[in-house]
Amino acid sequence: MEIIRTVADMRAWRKQAGKLAFVPTMGNLHEGHLALVQAARGQADKVVVSIFVNRLQFGQGEDFDAYPRTFEADCDKLRAAGVDALFFPTEGELYPRVKQDFNVEPPRIQDELCGAFRPGHFRGVATVVTKLFNIVQPDLACFGKKDFQQLHVIKAMVEDLNSPIEILPVDTGRAADGLALSSRNGYLSAEERAEAPRLYRNLTAIRDGLLAGSQDYAALEQSARDDLSAAGWVVDYVEVRQADTLEIAHAGEKRLVVLAAARLGRTRLIDNIEVFR
């Protein structure tokens with residue numbers, strides 16, 4: 001695996017890569033990331049992964065400085081997974097003028113769901129992903145469905161800006177007890193880790209209610225919020241939305257997604273389940 005640290009070297013490497021698949025990450029890799037790599041390998045001649053902890057998508061009081069940097073362990077995992085190149089730029093390489101004057105501004109969905117609790121987050125995501133796409137110039141890029149709102153923003157951005165990149169969604173990786181794999185799971189204490197699958201259980205309860213024919217989305221959402229709150233969680237949101245647009249869902253719609261974000265101790269967990277009925 002070649003480790004590439006500059007924009008110029010990345011562009012030079014790309015010229016000889018053939019059909020290229022790209023997996024952007026912030027490092028601290030787990031099996032969910034490796035599932036993205038596996039999906040990418042089946043679609044292209046070469047696979048490049050990036051590791052960059054993007055300051056722009058962290059809000060005030062969030063864990064930018066504390067975010068785990070595990071470069072050597074990440075490299076070992078990527079080599080074992082058959083990755084061809086790792087793009088590992090410094091902050092100065094990716095943001096040479098320090099302050100980013102031009103940003104990619106998503107539509108109003110950036111202020112809903114997770115965006116309501118993380119102002120500016122999706123602007124930071126859209127901006128860094130655009131920069132990475134411009135540098136790496138992949139034919140396709142893999143993103144996990146766990147970050148469903150992020151996936152929606154990136155798919156819409158690529159379509160609206162006529163980017164010649166196919167976005168390949170990859171199903172959420174889960175532990176045996178249902179907990180969605182996430183770098184932030186490492187922040188959980190042993191007791192919190194045992195409690196964490198409650199979020200997924202509540203999503204599956206809503207899914208089951210929807211599949212049984214319930215049209216009372218508000219009651220299903222409230223039941224989940226009550227259960228989480230009673231167990232000591234601080235709930236940001238539990239919502240049923242349209243799966244394709246992330247607009248508010250109305251009774252009778254067939255393609256839905258149930259999304260949730262809640263804090264367990266100091267750790268914010270997100271998850272979702274698609275429901276097609």
# chains A, B, ... in the order shown; residues from 1 in each chain; ligands from 1
>>> residues_around(residues="stretch 147-151 of chain A", least_positions_apart="2", cutoff="8 Å", atoms="only C-alpha atoms", output="PyMOL selection string")
chain A and resi 114+122+125+143-145+153-155+169+246+270-272
>>> write_last_selection(atoms="N, CA and C atoms", output="PDB file, in the first residue's frame")
ATOM      1  N   CYS A 114     -29.658  15.743  12.617  1.00  0.00           N
ATOM      2  CA  CYS A 114     -28.367  15.991  13.273  1.00  0.00           C
ATOM      3  C   CYS A 114     -27.925  17.443  13.130  1.00  0.00           C
ATOM      4  N   PHE A 122     -22.738  19.811   8.392  1.00  0.00           N
ATOM      5  CA  PHE A 122     -22.869  19.299   7.032  1.00  0.00           C
ATOM      6  C   PHE A 122     -22.214  20.228   6.009  1.00  0.00           C
ATOM      7  N   VAL A 125     -18.765  18.856   6.147  1.00  0.00           N
ATOM      8  CA  VAL A 125     -18.693  17.570   5.449  1.00  0.00           C
ATOM      9  C   VAL A 125     -18.702  17.788   3.942  1.00  0.00           C
ATOM     10  N   PHE A 143     -19.923   5.168   0.819  1.00  0.00           N
ATOM     11  CA  PHE A 143     -20.318   5.789   2.084  1.00  0.00           C
ATOM     12  C   PHE A 143     -21.290   4.858   2.799  1.00  0.00           C
ATOM     13  N   GLY A 144     -21.181   4.797   4.125  1.00  0.00           N
ATOM     14  CA  GLY A 144     -22.033   3.938   4.911  1.00  0.00           C
ATOM     15  C   GLY A 144     -23.406   4.538   5.156  1.00  0.00           C
ATOM     16  N   LYS A 145     -24.407   3.676   5.229  1.00  0.00           N
ATOM     17  CA  LYS A 145     -25.767   4.128   5.504  1.00  0.00           C
ATOM     18  C   LYS A 145     -25.969   4.529   6.960  1.00  0.00           C
ATOM     19  N   VAL A 153     -26.950  14.016   1.824  1.00  0.00           N
ATOM     20  CA  VAL A 153     -26.349  15.295   1.424  1.00  0.00           C
ATOM     21  C   VAL A 153     -25.337  15.079   0.300  1.00  0.00           C
ATOM     22  N   ILE A 154     -24.498  14.063   0.435  1.00  0.00           N
ATOM     23  CA  ILE A 154     -23.446  13.836  -0.563  1.00  0.00           C
ATOM     24  C   ILE A 154     -24.043  13.380  -1.888  1.00  0.00           C
ATOM     25  N   LYS A 155     -25.033  12.505  -1.850  1.00  0.00           N
ATOM     26  CA  LYS A 155     -25.677  12.070  -3.093  1.00  0.00           C
ATOM     27  C   LYS A 155     -26.309  13.259  -3.814  1.00  0.00           C
ATOM     28  N   PRO A 169     -23.858   3.404  -1.722  1.00  0.00           N
ATOM     29  CA  PRO A 169     -24.209   3.247  -0.307  1.00  0.00           C
ATOM     30  C   PRO A 169     -23.913   1.819   0.160  1.00  0.00           C
ATOM     31  N   LEU A 246     -35.740  12.602   2.710  1.00  0.00           N
ATOM     32  CA  LEU A 246     -35.612  13.023   4.113  1.00  0.00           C
ATOM     33  C   LEU A 246     -36.610  14.117   4.484  1.00  0.00           C
ATOM     34  N   ILE A 270     -25.716   7.640  16.839  1.00  0.00           N
ATOM     35  CA  ILE A 270     -26.755   7.788  15.820  1.00  0.00           C
ATOM     36  C   ILE A 270     -27.016   6.428  15.188  1.00  0.00           C
ATOM     37  N   ASP A 271     -28.220   6.270  14.651  1.00  0.00           N
ATOM     38  CA  ASP A 271     -28.562   5.021  13.973  1.00  0.00           C
ATOM     39  C   ASP A 271     -29.812   5.266  13.134  1.00  0.00           C
ATOM     40  N   ASN A 272     -30.120   4.325  12.265  1.00  0.00           N
ATOM     41  CA  ASN A 272     -31.316   4.433  11.443  1.00  0.00           C
ATOM     42  C   ASN A 272     -31.676   3.065  10.891  1.00  0.00           C
TER      43      ASN A 272
END
>>> residues_around(residues="A:Leu211", least_positions_apart="4", cutoff="8 Å", atoms="only C-alpha atoms", output="list in words")
Arg207, Val275 and Arg277 of chain A
>>> residues_around(residues="A:Ile51", least_positions_apart="3", cutoff="10 Å", atoms="only C-alpha atoms", output="VMD selection string")
chain A and resid 23 to 29 54 69 71 74 to 75 86 to 90
>>> residues_around(residues="A:Asp160", least_positions_apart="3", cutoff="12 Å", atoms="only C-alpha atoms", output="number ranges by chain")
A: 104-107, 153-157, 163-165
>>> select_by_dssp(residues="stretch 108-195 of chain A", states="strand (DSSP E)", output="CSV table (one decimal) with N, CA and C atoms, in the first residue's frame")
chain,number,residue,atom,x,y,z
A,140,LEU,N,-15.9,6.2,-8.4
A,140,LEU,CA,-17.0,5.9,-7.4
A,140,LEU,C,-16.5,6.1,-6.0
A,141,ALA,N,-17.4,6.4,-5.1
A,141,ALA,CA,-17.0,6.5,-3.7
A,141,ALA,C,-18.1,5.8,-2.8
A,142,CYS,N,-17.6,5.2,-1.8
A,142,CYS,CA,-18.4,4.4,-0.9
A,142,CYS,C,-18.7,5.1,0.4
A,143,PHE,N,-19.9,5.2,0.8
A,143,PHE,CA,-20.3,5.8,2.1
A,143,PHE,C,-21.3,4.9,2.8
A,144,GLY,N,-21.2,4.8,4.1
A,144,GLY,CA,-22.0,3.9,4.9
A,144,GLY,C,-23.4,4.5,5.2
A,166,GLU,N,-20.0,8.1,-9.0
A,166,GLU,CA,-21.1,7.3,-8.6
A,166,GLU,C,-20.9,7.1,-7.0
A,167,ILE,N,-22.0,7.3,-6.3
A,167,ILE,CA,-22.0,7.1,-4.9
A,167,ILE,C,-22.6,5.8,-4.6
A,168,LEU,N,-21.8,4.9,-3.9
A,168,LEU,CA,-22.3,3.6,-3.6
A,168,LEU,C,-22.6,3.5,-2.1
A,169,PRO,N,-23.9,3.4,-1.7
A,169,PRO,CA,-24.2,3.2,-0.3
A,169,PRO,C,-23.9,1.8,0.2
A,170,VAL,N,-23.4,1.7,1.4
A,170,VAL,CA,-23.1,0.4,2.0
A,170,VAL,C,-23.9,0.3,3.3
>>> residues_around(residues="stretch 251-254 of chain A", least_positions_apart="5", cutoff="8 Å", atoms="only C-alpha atoms", output="JSON, numbers by chain")
{"A": [215, 216, 217, 242, 275, 276, 277]}
>>> atom_distance(atom1="atom CA of A:Arg79", atom2="atom CA of A:Asn185")
23.4 Å
>>> select_by_dssp(residues="stretch 50-169 of chain A", states="alpha helix (DSSP H)", output="JSON, numbers by chain")
{"A": [71, 72, 73, 74, 75, 76, 77, 78, 79, 80, 91, 92, 93, 94, 114, 115, 116, 117, 121, 122, 123, 124, 125, 126, 127, 128, 129, 130, 131, 132, 133, 134, 135, 136, 148, 149, 150, 151, 152, 153, 154, 155, 156, 157, 158, 159, 160]}
